[in-house]
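Shown next: my_file-v4.json, given as JSON, C-alpha atoms.
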```json
[["chain", "number", "residue", "atom", "x", "y", "z"],
["A", 945, "MET", "CA", 75.78, 120.26, 0.04],
["A", 946, "VAL", "CA", 73.68, 122.37, 2.43],
["A", 947, "GLN", "CA", 75.48, 125.53, 1.29],
["A", 948, "SER", "CA", 75.05, 124.61, -2.35],
["A", 949, "VAL", "CA", 71.31, 123.92, -2.09],
["A", 950, "TRP", "CA", 70.77, 127.13, -0.09],
["A", 951, "LYS", "CA", 72.73, 129.22, -2.56],
["A", 952, "ILE", "CA", 71.02, 127.86, -5.66],
["A", 953, "ASP", "CA", 67.46, 127.09, -4.49],
["A", 954, "GLY", "CA", 67.05, 128.83, -1.14],
["A", 955, "PHE", "CA", 64.71, 127.60, 1.59],
["A", 956, "ARG", "CA", 62.25, 126.05, -0.87],
["A", 957, "GLY", "CA", 64.97, 123.80, -2.28],
["A", 958, "PHE", "CA", 65.11, 121.83, 0.98],
["A", 959, "TYR", "CA", 61.39, 121.01, 0.80],
["A", 960, "ARG", "CA", 61.08, 119.91, -2.81],
["A", 961, "GLY", "CA", 59.06, 116.69, -3.03],
["A", 962, "ILE", "CA", 57.44, 117.08, 0.39],
["A", 963, "ALA", "CA", 53.93, 116.16, -0.84],
["A", 964, "PRO", "CA", 54.81, 112.71, -2.25],
["A", 965, "GLY", "CA", 57.18, 112.21, 0.68],
["A", 966, "VAL", "CA", 54.42, 112.72, 3.24],
["A", 967, "THR", "CA", 51.92, 110.65, 1.23],
["A", 968, "GLY", "CA", 54.35, 107.73, 1.00],
["A", 969, "SER", "CA", 55.22, 107.96, 4.69],
["A", 970, "LEU", "CA", 51.55, 107.89, 5.69],
["A", 971, "ALA", "CA", 50.93, 104.78, 3.59],
["A", 972, "THR", "CA", 54.01, 103.03, 4.94],
["A", 973, "GLY", "CA", 53.37, 104.01, 8.55],
["A", 974, "ALA", "CA", 49.75, 102.86, 8.42],
["A", 975, "THR", "CA", 50.56, 99.42, 7.04],
["A", 976, "TYR", "CA", 53.83, 99.06, 8.96],
["A", 977, "PHE", "CA", 52.42, 99.59, 12.42],
["A", 978, "GLY", "CA", 48.97, 98.38, 11.44],
["A", 979, "VAL", "CA", 50.09, 94.81, 10.80],
["A", 980, "ILE", "CA", 53.31, 94.52, 12.78],
["A", 981, "GLU", "CA", 51.70, 93.46, 16.08],
["A", 982, "SER", "CA", 49.26, 91.01, 14.49],
["A", 983, "SER", "CA", 51.99, 89.55, 12.24],
["A", 984, "LYS", "CA", 54.36, 89.13, 15.17],
["A", 985, "LYS", "CA", 51.69, 87.40, 17.25],
["A", 986, "TRP", "CA", 50.70, 85.10, 14.36],
["A", 987, "ILE", "CA", 54.33, 84.11, 13.70],
["A", 988, "GLU", "CA", 54.99, 83.34, 17.37],
["A", 989, "GLU", "CA", 51.81, 81.23, 17.63],
["A", 990, "THR", "CA", 52.10, 79.27, 14.37],
["A", 991, "HIS", "CA", 55.90, 79.03, 14.14],
["A", 992, "PRO", "CA", 57.38, 78.96, 17.65],
["A", 993, "SER", "CA", 60.86, 78.32, 16.24],
["A", 994, "LEU", "CA", 60.76, 81.79, 14.63],
["A", 995, "GLY", "CA", 59.91, 83.54, 17.89],
["A", 996, "GLY", "CA", 61.91, 86.37, 19.41],
["A", 997, "HIS", "CA", 64.05, 88.54, 17.13],
["A", 998, "TRP", "CA", 63.18, 86.60, 13.96],
["A", 999, "ALA", "CA", 59.48, 87.26, 14.55],
["A", 1000, "HIS", "CA", 60.21, 90.98, 14.95],
["A", 1001, "PHE", "CA", 62.28, 91.02, 11.76],
["A", 1002, "ILE", "CA", 59.66, 89.20, 9.66],
["A", 1003, "ALA", "CA", 56.78, 91.29, 11.04],
["A", 1004, "GLY", "CA", 58.57, 94.53, 10.17],
["A", 1005, "ALA", "CA", 59.42, 93.24, 6.69],
["A", 1006, "VAL", "CA", 55.81, 92.18, 5.98],
["A", 1007, "GLY", "CA", 54.42, 95.53, 7.12],
["A", 1008, "ASP", "CA", 56.82, 97.48, 4.93],
["A", 1009, "THR", "CA", 56.19, 95.27, 1.89],
["A", 1010, "LEU", "CA", 52.44, 95.93, 2.03],
["A", 1011, "GLY", "CA", 53.03, 99.68, 2.03],
["A", 1012, "SER", "CA", 55.40, 99.52, -0.95],
["A", 1013, "PHE", "CA", 52.58, 99.57, -3.54],
["A", 1014, "VAL", "CA", 51.83, 103.18, -2.59],
["A", 1015, "TYR", "CA", 55.21, 104.12, -1.24],
["A", 1016, "VAL", "CA", 57.36, 103.35, -4.30],
["A", 1017, "PRO", "CA", 55.55, 105.64, -6.81],
["A", 1018, "CYS", "CA", 55.63, 108.39, -4.17],
["A", 1019, "GLU", "CA", 59.34, 107.74, -3.66],
["A", 1020, "VAL", "CA", 60.02, 108.00, -7.41],
["A", 1021, "MET", "CA", 58.20, 111.35, -7.61],
["A", 1022, "LYS", "CA", 59.88, 112.64, -4.46],
["A", 1023, "GLN", "CA", 63.39, 111.67, -5.60],
["A", 1024, "ARG", "CA", 63.00, 113.27, -9.01],
["A", 1025, "MET", "CA", 61.54, 116.46, -7.58],
["A", 1026, "GLN", "CA", 64.38, 116.66, -5.06],
["A", 1027, "VAL", "CA", 67.01, 116.20, -7.76],
["A", 1028, "GLN", "CA", 65.45, 119.01, -9.81],
["A", 1029, "GLY", "CA", 65.42, 121.65, -7.09],
["A", 1030, "THR", "CA", 63.55, 124.82, -8.02],
["A", 1031, "ARG", "CA", 62.40, 125.68, -11.52],
["A", 1032, "SER", "CA", 65.13, 128.28, -12.01],
["A", 1033, "SER", "CA", 67.97, 125.89, -11.15],
["A", 1034, "TRP", "CA", 66.55, 123.10, -13.32],
["A", 1035, "SER", "CA", 65.98, 125.50, -16.21],
["A", 1036, "SER", "CA", 69.65, 126.51, -16.09],
["A", 1037, "LEU", "CA", 70.59, 123.05, -17.41],
["A", 1038, "PRO", "CA", 70.96, 122.53, -21.19],
["A", 1039, "MET", "CA", 67.54, 121.90, -22.73],
["A", 1040, "LYS", "CA", 66.36, 119.79, -25.66],
["A", 1041, "ASP", "CA", 62.67, 119.71, -26.63],
["A", 1042, "ASN", "CA", 61.80, 121.27, -23.23],
["A", 1043, "ILE", "CA", 63.58, 118.38, -21.47],
["A", 1044, "SER", "CA", 66.68, 118.97, -19.36],
["A", 1045, "MET", "CA", 69.90, 117.21, -20.31],
["A", 1046, "LYS", "CA", 72.26, 116.21, -17.50],
["A", 1047, "HIS", "CA", 75.51, 114.23, -17.42],
["A", 1048, "GLY", "CA", 75.20, 113.62, -21.16],
["A", 1049, "GLY", "CA", 71.88, 111.75, -20.77],
["A", 1050, "GLN", "CA", 68.29, 112.78, -21.33],
["A", 1051, "MET", "CA", 66.43, 113.50, -18.10],
["A", 1052, "TYR", "CA", 62.85, 114.82, -17.90],
["A", 1053, "GLY", "CA", 60.75, 117.96, -17.82],
["A", 1054, "TYR", "CA", 60.24, 120.04, -14.68],
["A", 1055, "TYR", "CA", 57.61, 118.79, -12.22],
["A", 1056, "SER", "CA", 55.47, 121.55, -10.73],
["A", 1057, "GLY", "CA", 53.75, 119.27, -8.19],
["A", 1058, "MET", "CA", 53.00, 115.72, -7.12],
["A", 1059, "PHE", "CA", 50.02, 115.06, -9.42],
["A", 1060, "GLN", "CA", 51.68, 116.68, -12.43],
["A", 1061, "ALA", "CA", 54.79, 114.58, -11.78],
["A", 1062, "GLY", "CA", 52.71, 111.39, -11.58],
["A", 1063, "ARG", "CA", 50.84, 112.15, -14.81],
["A", 1064, "SER", "CA", 54.04, 113.08, -16.62],
["A", 1065, "ILE", "CA", 55.92, 109.94, -15.58],
["A", 1066, "LEU", "CA", 52.93, 107.72, -16.37],
["A", 1067, "LYS", "CA", 52.53, 109.31, -19.81],
["A", 1068, "GLN", "CA", 56.21, 109.12, -20.75],
["A", 1069, "GLN", "CA", 57.28, 105.86, -19.15],
["A", 1070, "GLY", "CA", 54.08, 104.09, -18.06],
["A", 1071, "LEU", "CA", 53.81, 102.06, -14.88],
["A", 1072, "ARG", "CA", 57.40, 101.01, -15.32],
["A", 1073, "GLY", "CA", 58.42, 104.62, -14.72],
["A", 1074, "LEU", "CA", 56.25, 105.04, -11.61],
["A", 1075, "TYR", "CA", 57.56, 101.77, -10.20],
["A", 1076, "ALA", "CA", 61.16, 102.34, -11.26],
["A", 1077, "GLY", "CA", 63.45, 100.65, -8.82],
["A", 1078, "TYR", "CA", 60.60, 98.76, -7.15],
["A", 1079, "TRP", "CA", 62.63, 95.67, -6.39],
["A", 1080, "SER", "CA", 65.62, 97.74, -5.33],
["A", 1081, "THR", "CA", 63.31, 99.67, -2.98],
["A", 1082, "LEU", "CA", 62.10, 96.42, -1.45],
["A", 1083, "ALA", "CA", 65.70, 95.22, -1.29],
["A", 1084, "ARG", "CA", 66.46, 98.31, 0.81],
["A", 1085, "ASP", "CA", 63.30, 98.76, 2.86],
["A", 1086, "VAL", "CA", 62.51, 95.16, 3.79],
["A", 1087, "PRO", "CA", 65.91, 94.64, 5.49],
["A", 1088, "PHE", "CA", 65.75, 98.15, 6.96],
["A", 1089, "ALA", "CA", 62.26, 97.68, 8.41],
["A", 1090, "GLY", "CA", 63.09, 94.24, 9.72],
["A", 1091, "LEU", "CA", 66.38, 95.35, 11.26],
["A", 1092, "MET", "CA", 64.84, 98.44, 12.86],
["A", 1093, "VAL", "CA", 62.11, 96.47, 14.63],
["A", 1094, "MET", "CA", 64.56, 93.73, 15.60],
["A", 1095, "PHE", "CA", 67.11, 96.22, 16.98],
["A", 1096, "TYR", "CA", 64.38, 98.17, 18.79],
["A", 1097, "GLU", "CA", 62.95, 95.10, 20.51],
["A", 1098, "ALA", "CA", 66.46, 93.85, 21.35],
["A", 1099, "LEU", "CA", 67.36, 97.23, 22.88],
["A", 1100, "LYS", "CA", 64.10, 97.17, 24.85],
["A", 1101, "ASP", "CA", 64.95, 93.71, 26.22],
["A", 1102, "LEU", "CA", 68.47, 94.87, 27.07],
["A", 1103, "THR", "CA", 67.13, 98.01, 28.78],
["A", 1104, "GLU", "CA", 64.59, 95.99, 30.74],
["A", 1105, "HIS", "CA", 67.31, 93.58, 31.87],
["A", 1106, "GLY", "CA", 69.47, 96.52, 32.97],
["A", 1107, "LYS", "CA", 66.61, 98.13, 34.89],
["A", 1108, "GLN", "CA", 65.82, 94.90, 36.74],
["A", 1109, "ARG", "CA", 69.46, 94.37, 37.64],
["A", 1110, "TRP", "CA", 70.61, 97.88, 38.56],
["A", 1111, "MET", "CA", 67.43, 99.96, 38.99],
["A", 1112, "PRO", "CA", 64.67, 97.55, 40.12],
["A", 1113, "ASN", "CA", 62.45, 100.30, 41.54],
["A", 1114, "SER", "CA", 62.83, 102.74, 38.66],
["A", 1115, "ASP", "CA", 59.89, 103.80, 36.53],
["A", 1116, "VAL", "CA", 61.11, 105.01, 33.11],
["A", 1117, "ASN", "CA", 58.54, 106.67, 30.89],
["A", 1118, "SER", "CA", 57.86, 104.39, 27.90],
["A", 1119, "SER", "CA", 57.60, 107.36, 25.51],
["A", 1120, "LEU", "CA", 61.06, 108.57, 26.53],
["A", 1121, "GLU", "CA", 62.36, 105.02, 26.16],
["A", 1122, "GLY", "CA", 60.86, 104.82, 22.68],
["A", 1123, "LEU", "CA", 62.50, 108.15, 21.77],
["A", 1124, "VAL", "CA", 66.02, 107.04, 22.73],
["A", 1125, "LEU", "CA", 65.87, 103.39, 21.64],
["A", 1126, "GLY", "CA", 63.96, 104.17, 18.45],
["A", 1127, "GLY", "CA", 66.62, 106.70, 17.43],
["A", 1128, "LEU", "CA", 69.43, 104.20, 18.04],
["A", 1129, "ALA", "CA", 67.63, 101.41, 16.18],
["A", 1130, "GLY", "CA", 66.79, 103.66, 13.23],
["A", 1131, "GLY", "CA", 70.28, 105.13, 12.93],
["A", 1132, "LEU", "CA", 72.02, 101.74, 13.02],
["A", 1133, "SER", "CA", 69.59, 100.20, 10.53],
["A", 1134, "ALA", "CA", 69.93, 103.21, 8.21],
["A", 1135, "TYR", "CA", 73.72, 102.95, 8.13],
["A", 1136, "LEU", "CA", 73.77, 99.21, 7.45],
["A", 1137, "THR", "CA", 71.32, 99.58, 4.53],
["A", 1138, "THR", "CA", 72.98, 102.65, 2.95],
["A", 1139, "PRO", "CA", 74.43, 100.66, -0.02],
["A", 1140, "LEU", "CA", 70.92, 99.43, -0.84],
["A", 1141, "ASP", "CA", 69.65, 103.02, -0.67],
["A", 1142, "VAL", "CA", 72.37, 104.22, -3.05],
["A", 1143, "ILE", "CA", 71.41, 101.60, -5.63],
["A", 1144, "LYS", "CA", 67.68, 102.31, -5.32],
["A", 1145, "THR", "CA", 68.08, 106.09, -5.60],
["A", 1146, "ARG", "CA", 70.32, 106.00, -8.64],
["A", 1147, "MET", "CA", 67.94, 103.67, -10.45],
["A", 1148, "GLN", "CA", 64.94, 105.87, -9.67],
["A", 1149, "VAL", "CA", 66.39, 109.24, -10.68],
["A", 1150, "GLN", "CA", 67.71, 108.10, -14.07],
["A", 1151, "GLY", "CA", 65.60, 109.39, -16.93],
["A", 1152, "SER", "CA", 64.48, 107.80, -20.15],
["A", 1153, "THR", "CA", 68.11, 106.93, -21.00],
["A", 1154, "PHE", "CA", 68.83, 104.05, -18.64],
["A", 1155, "ARG", "CA", 72.28, 104.09, -17.09],
["A", 1156, "TYR", "CA", 71.64, 100.90, -15.12],
["A", 1157, "ASN", "CA", 69.76, 98.04, -16.75],
["A", 1158, "SER", "CA", 69.10, 96.09, -13.55],
["A", 1159, "TRP", "CA", 69.75, 95.98, -9.81],
["A", 1160, "LEU", "CA", 72.79, 93.72, -10.26],
["A", 1161, "ASP", "CA", 74.08, 95.93, -13.07],
["A", 1162, "ALA", "CA", 73.88, 98.94, -10.72],
["A", 1163, "VAL", "CA", 75.74, 97.04, -7.99],
["A", 1164, "ARG", "CA", 78.53, 96.02, -10.39],
["A", 1165, "SER", "CA", 78.81, 99.49, -11.90],
["A", 1166, "ILE", "CA", 78.91, 101.42, -8.62],
["A", 1167, "TRP", "CA", 81.24, 98.94, -6.93],
["A", 1168, "GLY", "CA", 83.54, 98.79, -9.95],
["A", 1169, "SER", "CA", 83.87, 102.55, -10.46],
["A", 1170, "GLU", "CA", 83.52, 103.91, -6.91],
["A", 1171, "GLY", "CA", 84.19, 101.04, -4.52],
["A", 1172, "THR", "CA", 83.10, 101.03, -0.87],
["A", 1173, "LYS", "CA", 83.03, 104.83, -0.72],
["A", 1174, "GLY", "CA", 80.47, 104.94, -3.51],
["A", 1175, "MET", "CA", 78.28, 102.27, -1.90],
["A", 1176, "PHE", "CA", 78.12, 104.25, 1.37],
["A", 1177, "ARG", "CA", 77.81, 107.66, -0.27],
["A", 1178, "GLY", "CA", 75.21, 109.77, 1.57],
["A", 1179, "SER", "CA", 75.32, 107.66, 4.74],
["A", 1180, "ILE", "CA", 75.69, 110.71, 7.02],
["A", 1181, "PRO", "CA", 72.57, 112.57, 5.79],
["A", 1182, "ARG", "CA", 70.68, 109.25, 5.79],
["A", 1183, "ILE", "CA", 71.58, 108.60, 9.43],
["A", 1184, "THR", "CA", 70.94, 112.24, 10.32],
["A", 1185, "TRP", "CA", 67.43, 111.86, 8.89],
["A", 1186, "TYR", "CA", 66.55, 108.46, 10.33],
["A", 1187, "ILE", "CA", 67.70, 108.99, 13.94],
["A", 1188, "PRO", "CA", 65.15, 111.76, 14.72],
["A", 1189, "ALA", "CA", 62.50, 110.25, 12.42],
["A", 1190, "SER", "CA", 62.69, 106.82, 14.07],
["A", 1191, "ALA", "CA", 62.97, 108.33, 17.54],
["A", 1192, "LEU", "CA", 59.80, 110.41, 17.13],
["A", 1193, "THR", "CA", 57.96, 107.54, 15.45],
["A", 1194, "PHE", "CA", 58.60, 105.03, 18.23],
["A", 1195, "MET", "CA", 57.94, 107.67, 20.89],
["A", 1196, "ALA", "CA", 54.53, 108.30, 19.33],
["A", 1197, "VAL", "CA", 53.85, 104.55, 19.04],
["A", 1198, "GLU", "CA", 54.69, 103.93, 22.71],
["A", 1199, "PHE", "CA", 52.63, 106.93, 23.82],
["A", 1200, "LEU", "CA", 49.58, 105.87, 21.80],
["A", 1201, "ARG", "CA", 49.98, 102.25, 22.88],
["A", 1202, "ASP", "CA", 50.01, 103.24, 26.57],
["A", 1203, "HIS", "CA", 47.08, 105.62, 26.08],
["A", 1204, "PHE", "CA", 45.08, 102.98, 24.22],
["A", 1205, "ASN", "CA", 45.85, 100.30, 26.81],
["A", 1206, "GLU", "CA", 44.78, 102.66, 29.62],
["A", 1207, "ARG", "CA", 41.46, 103.24, 27.88],
["A", 1208, "LEU", "CA", 40.98, 99.49, 27.43],
["A", 1209, "ASP", "CA", 41.73, 98.92, 31.13],
["A", 1210, "ASP", "CA", 39.25, 101.64, 32.14],
["A", 1211, "GLU", "CA", 36.55, 100.20, 29.88],
["A", 1212, "SER", "CA", 37.21, 96.69, 31.22],
["A", 1213, "LYS", "CA", 36.90, 97.93, 34.80],
["A", 1214, "LYS", "CA", 33.64, 99.72, 33.98],
["A", 1215, "GLU", "CA", 32.25, 96.59, 32.32],
["A", 1216, "ALA", "CA", 33.30, 94.46, 35.30],
["A", 1217, "THR", "CA", 31.68, 96.92, 37.72],
["A", 1218, "THR", "CA", 28.47, 97.02, 35.70],
["A", 1219, "LEU", "CA", 28.38, 93.22, 35.43],
["A", 1220, "SER", "CA", 28.96, 92.86, 39.15],
["A", 1221, "ALA", "CA", 26.16, 95.33, 39.92],
["A", 1222, "ASP", "CA", 23.80, 93.51, 37.55],
["A", 1223, "ARG", "CA", 24.56, 90.19, 39.22],
["A", 1224, "LYS", "CA", 23.93, 91.64, 42.66],
["A", 1225, "GLY", "CA", 20.63, 93.07, 41.46],
["A", 1226, "THR", "CA", 19.60, 89.72, 39.96],
["A", 1227, "LEU", "CA", 20.50, 87.85, 43.15],
["A", 1228, "GLY", "CA", 18.52, 90.36, 45.20],
["A", 1229, "GLU", "CA", 15.45, 89.85, 43.03],
["A", 1230, "VAL", "CA", 15.77, 86.05, 43.34],
["A", 1231, "ALA", "CA", 16.08, 86.29, 47.12]]
```

Would you encode the structure as structure tokens?
Amino acid sequence: MVQSVWKIDGFRGFYRGIAPGVTGSLATGATYFGVIESSKKWIEETHPSLGGHWAHFIAGAVGDTLGSFVYVPCEVMKQRMQVQGTRSSWSSLPMKDNISMKHGGQMYGYYSGMFQAGRSILKQQGLRGLYAGYWSTLARDVPFAGLMVMFYEALKDLTEHGKQRWMPNSDVNSSLEGLVLGGLAGGLSAYLTTPLDVIKTRMQVQGSTFRYNSWLDAVRSIWGSEGTKGMFRGSIPRITWYIPASALTFMAVEFLRDHFNERLDDESKKEATTLSADRKGTLGEVA
């Protein structure tokens, strides 16, 4: 695949759809990590029976769901732009009324950028086109987000238990810990949710001629014609992407969390010192 993309589209072919990809990631990251801590705390306080790993799973799922309203249209644009490659490779396909034909079905015109893609999809297919595969995206991302947070927190607990038992005096950098454990959690979660990703992607890249009428129809069709191999198709590039992405994400989260907590501690100490000095001054005046 790498050789094929390089030969046909060159370096630019690997970065098609980067603008909607980054936009969707920003929206998801902001909501995901913006609500995960507060959601986890609320769940543990109001529903003690759901504490521990279930709280982590639900918090991750809620955070990802909130970001889906921005993320899904960006994902649709990104997927279609990635499938197209460069203009020259897309133009080499048979054309009808300036629209490329592929695999015997009508596809869509070439997208020159994110905003042009959004306008074109909205004009031709309406909101249904921009939110194509919305439920299949949630069916993939909610379990993935929940599993990733759950696996990450479980690996942190396991690591902490190991440090206390075998290395009680060790001081492991939390950013490095986030890098390693985040990569493991992301890679495992990505592999387990690959079938859901296959279904979502195929539903989103189909053009105006629908090959799959629903999520269940896609499951039956892929499973019936391709079996397990088809359901896990693309698992290696998916894992290859999510291991470094998750590792860097959790490393950054742990680094920022430590930095933020240090600032809070410093501010608290300053406030305590100021308050103590004010009290001493007040007592001196009274005396």

Using only C-alpha atoms, determine which residues lie at most 8 Å from Tyr1075 in chain A, disregarding the query and same-chain residues fewer than 3 positions distant; provide the list as a PyMOL selection string.
chain A and resi 1016-1017+1020+1071-1072+1078

Write out the residues from the selection above, keeping C-alpha atoms, as a short mmCIF file (atom, residue, chain, number, x, y, z; two decimals), in the coordinates of the input.
```cif
data_model
loop_
_atom_site.label_atom_id
_atom_site.label_comp_id
_atom_site.auth_asym_id
_atom_site.auth_seq_id
_atom_site.Cartn_x
_atom_site.Cartn_y
_atom_site.Cartn_z
CA VAL A 1016 57.36 103.35 -4.30
CA PRO A 1017 55.55 105.64 -6.81
CA VAL A 1020 60.02 108.00 -7.41
CA LEU A 1071 53.81 102.06 -14.88
CA ARG A 1072 57.40 101.01 -15.32
CA TYR A 1078 60.60 98.76 -7.15
#
```

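Here CA of Val979 in chain A is placed at a distance of 15.3 Å from CA of Met1092 in chain A.
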
Selection near range 1159-1169 of chain A, 9 Å with all atoms listed in the file, sequence-local residues under 5 positions removed, as a ChimeraX atom specification:
/A:1077,1079-1080,1139-1140,1143-1144,1146-1147,1174-1175

Nearest to Gly1090 in chain A by atom-to-atom distance, counting all atoms listed in the file, from A:Gly1131, A:Gly1007, A:Gly1122, A:Gly1057:
A:Gly1007

Write out as a ChimeraX atom specification each polymer residue whose atoms come within 12 Å of range 1098-1101 of chain A, counting all atoms listed in the file; drop sequence neighbours fewer than 4 positions from it.
/A:996-1001,1091-1094,1105-1108,1116,1118,1120-1130,1132,1194,1198

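If you look at CA of Ala1191 in chain A and CA of Tyr1096 in chain A, they are 10.3 Å away from each other.
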
Which one is closest to Gly1053 in chain A: A:Val1086, A:Asp1115, A:Ala1076, A:Val1027? Count all atoms listed in the file.
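Under the stated criterion, the closest residue is A:Val1027.
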
Which of these residues is nearest to Thr1145 in chain A, using only C-alpha atoms: A:Lys1173, A:Lys1022, A:Arg960, A:His991?
A:Lys1022

Please, what distance in Å, to one decimal, runs between CA of Asp1008 in chain A and CA of Gly978 in chain A?
10.2 Å

Could you name the residues that touch Tyr976 in chain A at 9 Å or less, counting all atoms listed in the file, but leaving out those on the same chain fewer than 2 positions away, as a ChimeraX atom specification?
/A:971-974,978-980,1003-1011,1089

As lines of an AutoDock Vina configuration file, what would the box around range 1167-1183 of chain A look like: edges along x, y and z, 4 Å added on every side, centre and edge lengths in Å to one decimal?
```
center_x = 77.4
center_y = 105.7
center_z = -0.5
size_x = 21.5
size_y = 21.8
size_z = 27.9
```

Given the block above, output range 1161-1168 of chain A with all heavy atoms as a CSV table (one decimal), in the first residue's frame.
```
chain,number,residue,atom,x,y,z
A,1161,ASP,N,-26.7,-3.9,7.8
A,1161,ASP,CA,-26.6,-4.4,6.5
A,1161,ASP,C,-25.1,-4.5,6.1
A,1161,ASP,O,-24.6,-5.5,5.4
A,1161,ASP,CB,-27.3,-3.5,5.5
A,1161,ASP,CG,-27.1,-3.9,4.1
A,1161,ASP,OD1,-27.4,-5.1,3.8
A,1161,ASP,OD2,-26.7,-3.1,3.2
A,1162,ALA,N,-24.3,-3.5,6.6
A,1162,ALA,CA,-22.8,-3.5,6.3
A,1162,ALA,C,-22.2,-4.7,7.0
A,1162,ALA,O,-21.3,-5.4,6.5
A,1162,ALA,CB,-22.2,-2.2,6.8
A,1163,VAL,N,-22.6,-4.9,8.3
A,1163,VAL,CA,-22.0,-6.1,9.0
A,1163,VAL,C,-22.3,-7.4,8.3
A,1163,VAL,O,-21.4,-8.2,8.1
A,1163,VAL,CB,-22.6,-6.1,10.5
A,1163,VAL,CG1,-22.2,-7.4,11.2
A,1163,VAL,CG2,-22.2,-4.9,11.2
A,1164,ARG,N,-23.6,-7.6,7.9
A,1164,ARG,CA,-23.9,-8.8,7.2
A,1164,ARG,C,-23.2,-9.0,5.9
A,1164,ARG,O,-22.7,-10.1,5.6
A,1164,ARG,CB,-25.5,-8.9,7.0
A,1164,ARG,CG,-26.3,-9.1,8.3
A,1164,ARG,CD,-27.7,-9.5,7.9
A,1164,ARG,NE,-28.4,-8.3,7.2
A,1164,ARG,CZ,-29.1,-7.4,7.9
A,1164,ARG,NH1,-29.3,-7.6,9.2
A,1164,ARG,NH2,-29.7,-6.4,7.2
A,1165,SER,N,-23.1,-7.9,5.2
A,1165,SER,CA,-22.5,-8.0,3.8
A,1165,SER,C,-21.0,-8.3,3.9
A,1165,SER,O,-20.5,-9.2,3.2
A,1165,SER,CB,-22.7,-6.7,3.1
A,1165,SER,OG,-22.0,-6.7,1.9
A,1166,ILE,N,-20.3,-7.6,4.8
A,1166,ILE,CA,-18.8,-7.8,5.0
A,1166,ILE,C,-18.5,-9.2,5.5
A,1166,ILE,O,-17.7,-9.9,5.1
A,1166,ILE,CB,-18.2,-6.7,5.9
A,1166,ILE,CG1,-18.4,-5.3,5.2
A,1166,ILE,CG2,-16.7,-6.9,6.1
A,1166,ILE,CD1,-18.0,-4.1,6.1
A,1167,TRP,N,-19.3,-9.5,6.6
A,1167,TRP,CA,-19.1,-10.8,7.2
A,1167,TRP,C,-19.4,-12.0,6.2
A,1167,TRP,O,-18.7,-13.0,6.1
A,1167,TRP,CB,-19.9,-11.0,8.4
A,1167,TRP,CG,-19.8,-12.3,9.1
A,1167,TRP,CD1,-20.6,-13.4,9.0
A,1167,TRP,CD2,-18.7,-12.7,10.0
A,1167,TRP,NE1,-20.1,-14.4,9.8
A,1167,TRP,CE2,-19.0,-14.0,10.4
A,1167,TRP,CE3,-17.6,-12.0,10.5
A,1167,TRP,CZ2,-18.1,-14.7,11.3
A,1167,TRP,CZ3,-16.7,-12.7,11.4
A,1167,TRP,CH2,-17.0,-14.0,11.7
A,1168,GLY,N,-20.5,-11.8,5.4
A,1168,GLY,CA,-20.9,-12.9,4.5
A,1168,GLY,C,-19.9,-13.1,3.4
A,1168,GLY,O,-19.7,-14.2,2.9
```
